[in-house]
>>> print(open('target08.pdb').read())   # PDB, C-alpha atoms and all ligand atoms
MODEL        1
ATOM      1  CA  MET A   1      64.399 -26.699 -63.582  1.00  0.00           C
ATOM      2  CA  LYS A   2      60.991 -25.355 -62.735  1.00  0.00           C
ATOM      3  CA  THR A   3      59.670 -26.965 -59.574  1.00  0.00           C
ATOM      4  CA  MET A   4      56.264 -28.457 -59.886  1.00  0.00           C
ATOM      5  CA  LYS A   5      53.404 -27.062 -57.893  1.00  0.00           C
ATOM      6  CA  LEU A   6      51.536 -29.143 -55.370  1.00  0.00           C
ATOM      7  CA  VAL A   7      47.866 -29.517 -56.243  1.00  0.00           C
ATOM      8  CA  ASN A   8      45.407 -28.952 -53.394  1.00  0.00           C
ATOM      9  CA  ILE A   9      42.033 -30.088 -54.713  1.00  0.00           C
ATOM     10  CA  ARG A  10      39.916 -28.757 -51.834  1.00  0.00           C
ATOM     11  CA  SER A  11      40.813 -25.948 -49.521  1.00  0.00           C
ATOM     12  CA  ASN A  12      39.292 -22.954 -47.788  1.00  0.00           C
ATOM     13  CA  ASN A  13      42.406 -20.862 -47.969  1.00  0.00           C
ATOM     14  CA  VAL A  14      44.829 -19.952 -50.668  1.00  0.00           C
ATOM     15  CA  SER A  15      48.365 -19.944 -49.394  1.00  0.00           C
ATOM     16  CA  ASN A  16      51.814 -19.704 -50.957  1.00  0.00           C
ATOM     17  CA  THR A  17      50.452 -19.775 -54.484  1.00  0.00           C
ATOM     18  CA  ASP A  18      53.946 -19.911 -55.955  1.00  0.00           C
ATOM     19  CA  PHE A  19      54.180 -23.484 -54.805  1.00  0.00           C
ATOM     20  CA  VAL A  20      50.590 -24.640 -54.686  1.00  0.00           C
ATOM     21  CA  THR A  21      47.733 -24.899 -57.156  1.00  0.00           C
ATOM     22  CA  THR A  22      44.657 -24.576 -54.986  1.00  0.00           C
ATOM     23  CA  VAL A  23      41.066 -25.267 -55.871  1.00  0.00           C
ATOM     24  CA  ILE A  24      39.397 -22.899 -53.449  1.00  0.00           C
ATOM     25  CA  ASN A  25      36.054 -23.968 -52.052  1.00  0.00           C
ATOM     26  CA  LEU A  26      33.552 -21.128 -51.867  1.00  0.00           C
ATOM     27  CA  SER A  27      30.195 -21.060 -50.188  1.00  0.00           C
ATOM     28  CA  ILE A  28      27.094 -21.072 -52.321  1.00  0.00           C
ATOM     29  CA  ASN A  29      25.933 -17.904 -50.593  1.00  0.00           C
ATOM     30  CA  ASN A  30      28.852 -16.042 -52.049  1.00  0.00           C
ATOM     31  CA  SER A  31      26.703 -14.399 -54.696  1.00  0.00           C
ATOM     32  CA  THR A  32      29.679 -12.922 -56.508  1.00  0.00           C
ATOM     33  CA  LEU A  33      32.419 -15.470 -56.500  1.00  0.00           C
ATOM     34  CA  ASN A  34      35.753 -13.840 -56.937  1.00  0.00           C
ATOM     35  CA  LYS A  35      36.916 -15.282 -60.186  1.00  0.00           C
ATOM     36  CA  GLU A  36      39.527 -12.581 -60.691  1.00  0.00           C
ATOM     37  CA  LYS A  37      41.130 -13.516 -57.430  1.00  0.00           C
ATOM     38  CA  TYR A  38      40.958 -17.287 -57.752  1.00  0.00           C
ATOM     39  CA  GLN A  39      41.845 -19.299 -60.796  1.00  0.00           C
ATOM     40  CA  TYR A  40      40.206 -22.515 -59.620  1.00  0.00           C
ATOM     41  CA  ILE A  41      36.947 -22.512 -57.688  1.00  0.00           C
ATOM     42  CA  SER A  42      34.764 -25.287 -56.386  1.00  0.00           C
ATOM     43  CA  CYS A  43      31.225 -24.388 -55.475  1.00  0.00           C
ATOM     44  CA  GLY A  44      28.055 -26.347 -54.888  1.00  0.00           C
ATOM     45  CA  ILE A  45      25.134 -26.810 -52.542  1.00  0.00           C
ATOM     46  CA  HIS A  46      26.567 -28.657 -49.570  1.00  0.00           C
ATOM     47  CA  PRO A  47      24.115 -31.086 -47.921  1.00  0.00           C
ATOM     48  CA  TRP A  48      24.574 -29.144 -44.664  1.00  0.00           C
ATOM     49  CA  SER A  49      23.049 -26.014 -46.220  1.00  0.00           C
ATOM     50  CA  ILE A  50      19.847 -27.795 -47.106  1.00  0.00           C
ATOM     51  CA  ASN A  51      16.786 -27.700 -44.881  1.00  0.00           C
ATOM     52  CA  LYS A  52      13.157 -28.548 -45.426  1.00  0.00           C
ATOM     53  CA  ASN A  53      12.193 -25.324 -47.170  1.00  0.00           C
ATOM     54  CA  ASN A  54      15.196 -23.669 -48.783  1.00  0.00           C
ATOM     55  CA  SER A  55      16.124 -25.986 -51.628  1.00  0.00           C
ATOM     56  CA  LYS A  56      14.461 -23.936 -54.391  1.00  0.00           C
ATOM     57  CA  GLU A  57      16.191 -20.783 -53.318  1.00  0.00           C
ATOM     58  CA  LEU A  58      19.561 -22.501 -52.958  1.00  0.00           C
ATOM     59  CA  PHE A  59      19.286 -24.034 -56.379  1.00  0.00           C
ATOM     60  CA  SER A  60      18.537 -20.746 -58.070  1.00  0.00           C
ATOM     61  CA  THR A  61      21.561 -19.145 -56.366  1.00  0.00           C
ATOM     62  CA  PHE A  62      23.642 -22.121 -57.465  1.00  0.00           C
ATOM     63  CA  LYS A  63      22.468 -21.758 -61.086  1.00  0.00           C
ATOM     64  CA  LYS A  64      23.354 -18.065 -61.075  1.00  0.00           C
ATOM     65  CA  ASN A  65      26.820 -18.831 -59.733  1.00  0.00           C
ATOM     66  CA  ILE A  66      27.426 -21.495 -62.327  1.00  0.00           C
ATOM     67  CA  GLU A  67      26.287 -19.265 -65.166  1.00  0.00           C
ATOM     68  CA  SER A  68      28.279 -16.213 -64.161  1.00  0.00           C
ATOM     69  CA  ASN A  69      31.487 -17.810 -62.929  1.00  0.00           C
ATOM     70  CA  ASN A  70      34.031 -20.098 -64.362  1.00  0.00           C
ATOM     71  CA  ILE A  71      33.757 -22.855 -61.803  1.00  0.00           C
ATOM     72  CA  PHE A  72      36.290 -25.652 -61.938  1.00  0.00           C
ATOM     73  CA  LEU A  73      34.490 -28.261 -59.842  1.00  0.00           C
ATOM     74  CA  ILE A  74      30.902 -28.554 -58.681  1.00  0.00           C
ATOM     75  CA  GLY A  75      30.999 -29.358 -54.981  1.00  0.00           C
ATOM     76  CA  GLU A  76      30.960 -30.171 -52.276  1.00  0.00           C
ATOM     77  CA  ILE A  77      27.701 -31.841 -53.146  1.00  0.00           C
ATOM     78  CA  GLY A  78      26.339 -35.121 -51.871  1.00  0.00           C
ATOM     79  CA  ILE A  79      24.449 -36.829 -49.102  1.00  0.00           C
ATOM     80  CA  ASP A  80      24.887 -36.652 -45.363  1.00  0.00           C
ATOM     81  CA  LYS A  81      22.847 -39.058 -43.267  1.00  0.00           C
ATOM     82  CA  SER A  82      24.471 -38.340 -39.942  1.00  0.00           C
ATOM     83  CA  GLU A  83      22.031 -37.946 -37.030  1.00  0.00           C
ATOM     84  CA  LYS A  84      22.033 -34.157 -37.291  1.00  0.00           C
ATOM     85  CA  ARG A  85      21.355 -34.047 -41.033  1.00  0.00           C
ATOM     86  CA  LYS A  86      19.160 -36.962 -41.895  1.00  0.00           C
ATOM     87  CA  GLU A  87      15.827 -35.236 -41.553  1.00  0.00           C
ATOM     88  CA  SER A  88      16.552 -33.251 -44.721  1.00  0.00           C
ATOM     89  CA  LEU A  89      17.398 -36.439 -46.652  1.00  0.00           C
ATOM     90  CA  SER A  90      14.615 -36.204 -49.238  1.00  0.00           C
ATOM     91  CA  GLU A  91      15.605 -32.599 -50.050  1.00  0.00           C
ATOM     92  CA  GLN A  92      19.269 -33.596 -50.135  1.00  0.00           C
ATOM     93  CA  LEU A  93      18.513 -36.275 -52.716  1.00  0.00           C
ATOM     94  CA  LYS A  94      16.583 -33.851 -54.877  1.00  0.00           C
ATOM     95  CA  VAL A  95      19.219 -31.120 -54.739  1.00  0.00           C
ATOM     96  CA  PHE A  96      22.049 -33.586 -55.398  1.00  0.00           C
ATOM     97  CA  GLU A  97      20.350 -34.880 -58.520  1.00  0.00           C
ATOM     98  CA  LEU A  98      19.599 -31.387 -59.816  1.00  0.00           C
ATOM     99  CA  GLN A  99      23.258 -30.456 -59.449  1.00  0.00           C
ATOM    100  CA  LEU A 100      24.351 -33.585 -61.286  1.00  0.00           C
ATOM    101  CA  HIS A 101      22.213 -32.522 -64.226  1.00  0.00           C
ATOM    102  CA  VAL A 102      23.992 -29.172 -64.237  1.00  0.00           C
ATOM    103  CA  ALA A 103      27.379 -30.933 -64.066  1.00  0.00           C
ATOM    104  CA  ILE A 104      26.435 -33.042 -67.083  1.00  0.00           C
ATOM    105  CA  ASN A 105      25.216 -30.051 -69.093  1.00  0.00           C
ATOM    106  CA  GLU A 106      28.217 -27.899 -68.203  1.00  0.00           C
ATOM    107  CA  ASN A 107      30.856 -30.641 -68.445  1.00  0.00           C
ATOM    108  CA  LYS A 108      32.121 -30.176 -64.909  1.00  0.00           C
ATOM    109  CA  PRO A 109      33.745 -32.670 -62.586  1.00  0.00           C
ATOM    110  CA  ILE A 110      32.116 -32.960 -59.163  1.00  0.00           C
ATOM    111  CA  LEU A 111      33.418 -33.062 -55.601  1.00  0.00           C
ATOM    112  CA  ILE A 112      31.475 -35.361 -53.297  1.00  0.00           C
ATOM    113  CA  HIS A 113      30.781 -35.037 -49.601  1.00  0.00           C
ATOM    114  CA  CYS A 114      29.259 -38.238 -48.288  1.00  0.00           C
ATOM    115  CA  VAL A 115      28.388 -39.466 -44.824  1.00  0.00           C
ATOM    116  CA  LYS A 116      26.586 -42.815 -44.747  1.00  0.00           C
ATOM    117  CA  GLY A 117      24.891 -42.050 -48.065  1.00  0.00           C
ATOM    118  CA  PHE A 118      26.871 -44.020 -50.621  1.00  0.00           C
ATOM    119  CA  ASN A 119      23.997 -46.290 -51.612  1.00  0.00           C
ATOM    120  CA  GLU A 120      21.806 -43.292 -52.395  1.00  0.00           C
ATOM    121  CA  ILE A 121      24.641 -41.610 -54.277  1.00  0.00           C
ATOM    122  CA  PHE A 122      25.400 -44.698 -56.385  1.00  0.00           C
ATOM    123  CA  THR A 123      21.717 -45.145 -57.237  1.00  0.00           C
ATOM    124  CA  ILE A 124      21.392 -41.596 -58.554  1.00  0.00           C
ATOM    125  CA  LEU A 125      24.716 -41.730 -60.440  1.00  0.00           C
ATOM    126  CA  LYS A 126      23.614 -44.930 -62.153  1.00  0.00           C
ATOM    127  CA  LYS A 127      20.174 -43.582 -62.953  1.00  0.00           C
ATOM    128  CA  LEU A 128      21.735 -40.573 -64.719  1.00  0.00           C
ATOM    129  CA  LYS A 129      24.503 -42.673 -66.307  1.00  0.00           C
ATOM    130  CA  PHE A 130      26.915 -40.160 -64.840  1.00  0.00           C
ATOM    131  CA  GLN A 131      30.355 -40.304 -66.477  1.00  0.00           C
ATOM    132  CA  ASN A 132      32.024 -37.052 -65.479  1.00  0.00           C
ATOM    133  CA  PRO A 133      35.012 -37.240 -63.152  1.00  0.00           C
ATOM    134  CA  ILE A 134      34.001 -37.588 -59.497  1.00  0.00           C
ATOM    135  CA  VAL A 135      36.336 -36.587 -56.690  1.00  0.00           C
ATOM    136  CA  PHE A 136      35.420 -38.238 -53.390  1.00  0.00           C
ATOM    137  CA  HIS A 137      36.506 -35.718 -50.799  1.00  0.00           C
ATOM    138  CA  ASN A 138      38.162 -37.088 -47.655  1.00  0.00           C
ATOM    139  CA  PHE A 139      37.333 -40.592 -48.856  1.00  0.00           C
ATOM    140  CA  ASN A 140      37.189 -42.794 -45.793  1.00  0.00           C
ATOM    141  CA  SER A 141      35.034 -45.788 -46.568  1.00  0.00           C
ATOM    142  CA  SER A 142      35.090 -49.543 -46.652  1.00  0.00           C
ATOM    143  CA  PHE A 143      36.727 -51.624 -49.334  1.00  0.00           C
ATOM    144  CA  GLU A 144      33.243 -52.735 -50.531  1.00  0.00           C
ATOM    145  CA  ILE A 145      32.275 -49.130 -51.165  1.00  0.00           C
ATOM    146  CA  TYR A 146      35.601 -48.501 -52.861  1.00  0.00           C
ATOM    147  CA  LEU A 147      34.834 -51.369 -55.268  1.00  0.00           C
ATOM    148  CA  GLU A 148      31.473 -49.741 -56.087  1.00  0.00           C
ATOM    149  CA  THR A 149      33.152 -46.412 -56.847  1.00  0.00           C
ATOM    150  CA  LEU A 150      35.239 -48.155 -59.516  1.00  0.00           C
ATOM    151  CA  LYS A 151      32.133 -48.293 -61.710  1.00  0.00           C
ATOM    152  CA  PHE A 152      32.442 -44.537 -62.160  1.00  0.00           C
ATOM    153  CA  ASN A 153      35.151 -42.140 -63.234  1.00  0.00           C
ATOM    154  CA  SER A 154      36.267 -41.804 -59.623  1.00  0.00           C
ATOM    155  CA  TYR A 155      39.111 -39.981 -57.916  1.00  0.00           C
ATOM    156  CA  TYR A 156      39.920 -40.089 -54.210  1.00  0.00           C
ATOM    157  CA  SER A 157      40.963 -37.035 -52.311  1.00  0.00           C
ATOM    158  CA  LEU A 158      43.274 -37.726 -49.410  1.00  0.00           C
ATOM    159  CA  GLY A 159      43.954 -35.486 -46.449  1.00  0.00           C
ATOM    160  CA  ALA A 160      42.717 -35.915 -42.900  1.00  0.00           C
ATOM    161  CA  ASN A 161      41.893 -39.537 -43.750  1.00  0.00           C
ATOM    162  CA  LEU A 162      45.636 -40.279 -43.995  1.00  0.00           C
ATOM    163  CA  PHE A 163      46.189 -39.279 -40.392  1.00  0.00           C
ATOM    164  CA  ASN A 164      43.349 -40.887 -38.492  1.00  0.00           C
ATOM    165  CA  ASN A 165      43.106 -44.605 -38.249  1.00  0.00           C
ATOM    166  CA  SER A 166      40.708 -44.920 -41.170  1.00  0.00           C
ATOM    167  CA  THR A 167      39.639 -48.104 -42.955  1.00  0.00           C
ATOM    168  CA  LEU A 168      41.023 -46.550 -46.097  1.00  0.00           C
ATOM    169  CA  LEU A 169      44.551 -47.200 -44.892  1.00  0.00           C
ATOM    170  CA  SER A 170      44.036 -50.963 -45.167  1.00  0.00           C
ATOM    171  CA  PHE A 171      43.660 -50.700 -48.951  1.00  0.00           C
ATOM    172  CA  LEU A 172      45.409 -47.410 -49.699  1.00  0.00           C
ATOM    173  CA  LYS A 173      48.097 -49.263 -51.662  1.00  0.00           C
ATOM    174  CA  LEU A 174      45.491 -50.644 -54.036  1.00  0.00           C
ATOM    175  CA  ILE A 175      44.189 -47.255 -55.136  1.00  0.00           C
ATOM    176  CA  PRO A 176      45.906 -46.347 -58.411  1.00  0.00           C
ATOM    177  CA  ARG A 177      47.915 -43.153 -58.081  1.00  0.00           C
ATOM    178  CA  GLU A 178      46.341 -41.975 -61.318  1.00  0.00           C
ATOM    179  CA  LYS A 179      43.146 -41.681 -59.280  1.00  0.00           C
ATOM    180  CA  ILE A 180      44.435 -39.715 -56.315  1.00  0.00           C
ATOM    181  CA  PHE A 181      44.326 -36.081 -55.201  1.00  0.00           C
ATOM    182  CA  PHE A 182      45.276 -34.365 -51.953  1.00  0.00           C
ATOM    183  CA  GLU A 183      43.401 -31.781 -49.926  1.00  0.00           C
ATOM    184  CA  THR A 184      43.718 -29.728 -46.768  1.00  0.00           C
ATOM    185  CA  ASP A 185      39.944 -29.210 -46.434  1.00  0.00           C
ATOM    186  CA  GLU A 186      39.101 -26.745 -43.632  1.00  0.00           C
ATOM    187  CA  SER A 187      42.406 -27.243 -41.840  1.00  0.00           C
ATOM    188  CA  GLN A 188      45.397 -24.926 -41.764  1.00  0.00           C
ATOM    189  CA  GLN A 189      47.765 -27.777 -42.549  1.00  0.00           C
ATOM    190  CA  ASN A 190      50.300 -27.462 -45.319  1.00  0.00           C
ATOM    191  CA  ILE A 191      49.367 -29.568 -48.354  1.00  0.00           C
ATOM    192  CA  ARG A 192      52.931 -30.846 -48.481  1.00  0.00           C
ATOM    193  CA  GLU A 193      52.263 -32.810 -45.296  1.00  0.00           C
ATOM    194  CA  MET A 194      49.571 -34.824 -47.087  1.00  0.00           C
ATOM    195  CA  TYR A 195      51.925 -35.771 -49.927  1.00  0.00           C
ATOM    196  CA  GLU A 196      54.643 -36.686 -47.446  1.00  0.00           C
ATOM    197  CA  LYS A 197      52.312 -38.751 -45.276  1.00  0.00           C
ATOM    198  CA  TYR A 198      51.115 -40.693 -48.310  1.00  0.00           C
ATOM    199  CA  CYS A 199      54.705 -41.406 -49.385  1.00  0.00           C
ATOM    200  CA  GLU A 200      55.551 -42.592 -45.900  1.00  0.00           C
ATOM    201  CA  LEU A 201      52.487 -44.875 -45.753  1.00  0.00           C
ATOM    202  CA  VAL A 202      52.947 -46.589 -49.099  1.00  0.00           C
ATOM    203  CA  LYS A 203      56.693 -46.023 -49.466  1.00  0.00           C
ATOM    204  CA  PHE A 204      56.644 -43.992 -52.631  1.00  0.00           C
ATOM    205  CA  ASN A 205      58.924 -41.342 -54.085  1.00  0.00           C
ATOM    206  CA  TYR A 206      57.778 -37.805 -53.297  1.00  0.00           C
ATOM    207  CA  ASN A 207      58.834 -36.130 -56.557  1.00  0.00           C
ATOM    208  CA  GLU A 208      57.297 -38.853 -58.615  1.00  0.00           C
ATOM    209  CA  LEU A 209      54.061 -38.449 -56.694  1.00  0.00           C
ATOM    210  CA  VAL A 210      53.973 -34.688 -57.305  1.00  0.00           C
ATOM    211  CA  LEU A 211      54.366 -35.345 -61.006  1.00  0.00           C
ATOM    212  CA  ILE A 212      51.555 -37.905 -61.126  1.00  0.00           C
ATOM    213  CA  ILE A 213      49.122 -35.685 -59.217  1.00  0.00           C
ATOM    214  CA  ASN A 214      49.885 -32.853 -61.624  1.00  0.00           C
ATOM    215  CA  GLN A 215      49.051 -35.147 -64.513  1.00  0.00           C
ATOM    216  CA  ASN A 216      45.786 -36.072 -62.803  1.00  0.00           C
ATOM    217  CA  PHE A 217      44.974 -32.389 -62.453  1.00  0.00           C
ATOM    218  CA  ILE A 218      45.725 -31.770 -66.130  1.00  0.00           C
ATOM    219  CA  LYS A 219      43.214 -34.492 -66.962  1.00  0.00           C
ATOM    220  CA  LEU A 220      40.510 -32.651 -65.050  1.00  0.00           C
ATOM    221  CA  CYS A 221      41.494 -29.391 -66.758  1.00  0.00           C
ATOM    222  CA  LYS A 222      41.168 -31.022 -70.143  1.00  0.00           C
ATOM    223  CA  PHE A 223      37.788 -32.409 -69.227  1.00  0.00           C
ATOM    224  CA  ASN A 224      36.289 -29.039 -68.412  1.00  0.00           C
ATOM    225  CA  ASN A 225      38.386 -26.961 -70.803  1.00  0.00           C
ATOM    226  CA  PHE A 226      40.377 -25.106 -68.178  1.00  0.00           C
ATOM    227  CA  VAL A 227      43.744 -23.644 -69.074  1.00  0.00           C
ATOM    228  CA  ASN A 228      46.262 -24.739 -66.470  1.00  0.00           C
TER     229      ASN A 228
HETATM  230 ZN    ZN B   1      32.877 -32.318 -46.606  1.00  0.00          ZN
ENDMDL
END
>>> encode(input="target08.pdb", output="structure tokens")
Amino acid sequence: MKTMKLVNIRSNNVSNTDFVTTVINLSINNSTLNKEKYQYISCGIHPWSINKNNSKELFSTFKKNIESNNIFLIGEIGIDKSEKRKESLSEQLKVFELQLHVAINENKPILIHCVKGFNEIFTILKKLKFQNPIVFHNFNSSFEIYLETLKFNSYYSLGANLFNNSTLLSFLKLIPREKIFFETDESQQNIREMYEKYCELVKFNYNELVLIINQNFIKLCKFNNFVN
């Protein structure tokens, strides 16, 4: 029997590809994304790249990347209102909305990075009547925010948030498995550890989980016409 691959929805490194399907996250400044090398790429203007006077330039680079590469997910995109980042908030809002328009036109799911900016994100998503799949990367928010995300076609990417004492753990069991992905993010951890940790936390069968996450991935592939 062919063993099923583990899906890693957000990573900076491709490792043991025989066992893992990785969506590799590439920086927007990578003017020629290596589509021959990587089957699945996520790319977007991260809120951290945005400052008071570079948003036009970033957006035109982003558009070029989207037009010339077969990008699987648009992201990380989003809002970051942490102390260090909040002075670029108005630009962040603008750039986020512009990228959502591209996602709508190109039929792409998005990958969200959010720190303290959920209200702003929800407002823009509602304004645009955004219905594409949304993957909340390292989702680590309150139950109230989780309830808000249910108004959209939301998925929750789990990784580091399974290991620290996050609020998410108090309602992890309530999140439907049909809405879950796993990620290693910037870490060197093995994606298998994330699957195992989840199974330990909610007492679920590992093989069954791998199967479900693969089905979730196939859904995203169907949405944006990717062959998987
Ligand atoms: Zn992030």
>>> residues_near_ligand(input="target08.pdb", ligand="ligand ZN 1 (chain B)", cutoff="8 Å", atoms="all atoms listed in the file", output="PyMOL selection string")
chain A and resi 46+76+112-114+137-138+185
>>> resolve_selection(input="target08.pdb", expression="the PyMOL selection byres (((chain A and resi 9) around 9) and not hetatm)", output="list in words")
Val7, Asn8, Arg10, Ser11, Thr21, Thr22, Val23, Ile24, Asn25, Ser42, Val135, His137, Ser157, Phe181, Phe182, Glu183, Thr184, Asp185 and Phe217 of chain A
>>> resolve_selection(input="target08.pdb", expression="the PyMOL selection byres (((chain A and resi 142) around 12) and not hetatm)", output="list in words")
Lys116, Phe118, Phe139, Asn140, Ser141, Phe143, Glu144, Ile145, Tyr146, Leu147, Glu148, Thr149, Ser166, Thr167, Leu168, Leu169, Ser170, Phe171 and Leu172 of chain A
>>> closest_residue(input="target08.pdb", among="A:Asn216, A:Asn29, A:Asn13, A:Asn205", to="Tyr156 (chain A)", atoms="all atoms listed in the file")
A:Asn216
>>> resolve_selection(input="target08.pdb", expression="the PyMOL selection byres (((chain A and resi 153) around 8) and not hetatm)", output="list of chain:residue names")
A:Gln131, A:Asn132, A:Pro133, A:Ile134, A:Thr149, A:Leu150, A:Lys151, A:Phe152, A:Ser154, A:Tyr155
>>> decode(input="target08.pdb", residues="region 197-212 of chain A", atoms="N, CA and C atoms", output="CSV table (one decimal), in the first residue's frame")
chain,number,residue,atom,x,y,z
A,197,LYS,N,1.5,15.4,17.9
A,197,LYS,CA,1.2,16.2,19.0
A,197,LYS,C,-0.4,16.5,19.0
A,198,TYR,N,-0.9,16.7,17.8
A,198,TYR,CA,-2.4,16.9,17.7
A,198,TYR,C,-3.1,15.6,18.2
A,199,CYS,N,-2.6,14.5,17.7
A,199,CYS,CA,-3.3,13.2,18.1
A,199,CYS,C,-3.2,13.0,19.6
A,200,GLU,N,-2.1,13.3,20.2
A,200,GLU,CA,-1.9,13.2,21.6
A,200,GLU,C,-2.9,14.1,22.3
A,201,LEU,N,-3.0,15.3,21.9
A,201,LEU,CA,-3.9,16.3,22.6
A,201,LEU,C,-5.3,16.0,22.5
A,202,VAL,N,-5.8,15.5,21.3
A,202,VAL,CA,-7.3,15.3,21.2
A,202,VAL,C,-7.6,13.8,21.2
A,203,LYS,N,-6.6,13.0,21.4
A,203,LYS,CA,-6.7,11.5,21.3
A,203,LYS,C,-7.4,11.1,20.0
A,204,PHE,N,-6.6,11.2,18.9
A,204,PHE,CA,-7.1,10.8,17.6
A,204,PHE,C,-6.1,9.9,16.9
A,205,ASN,N,-6.7,9.1,16.0
A,205,ASN,CA,-5.8,8.1,15.3
A,205,ASN,C,-4.9,8.8,14.3
A,206,TYR,N,-3.7,8.5,14.3
A,206,TYR,CA,-2.7,9.2,13.5
A,206,TYR,C,-3.0,9.0,12.0
A,207,ASN,N,-3.2,7.7,11.6
A,207,ASN,CA,-3.4,7.4,10.2
A,207,ASN,C,-4.6,8.0,9.6
A,208,GLU,N,-5.6,8.0,10.4
A,208,GLU,CA,-6.9,8.7,10.0
A,208,GLU,C,-6.7,10.2,9.8
A,209,LEU,N,-5.9,10.8,10.7
A,209,LEU,CA,-5.6,12.2,10.6
A,209,LEU,C,-4.9,12.5,9.3
A,210,VAL,N,-3.9,11.7,9.0
A,210,VAL,CA,-3.1,11.9,7.7
A,210,VAL,C,-4.1,11.9,6.5
A,211,LEU,N,-5.0,11.0,6.5
A,211,LEU,CA,-5.9,10.8,5.5
A,211,LEU,C,-6.8,12.1,5.3
A,212,ILE,N,-7.3,12.5,6.4
A,212,ILE,CA,-8.2,13.7,6.4
A,212,ILE,C,-7.5,14.9,5.9
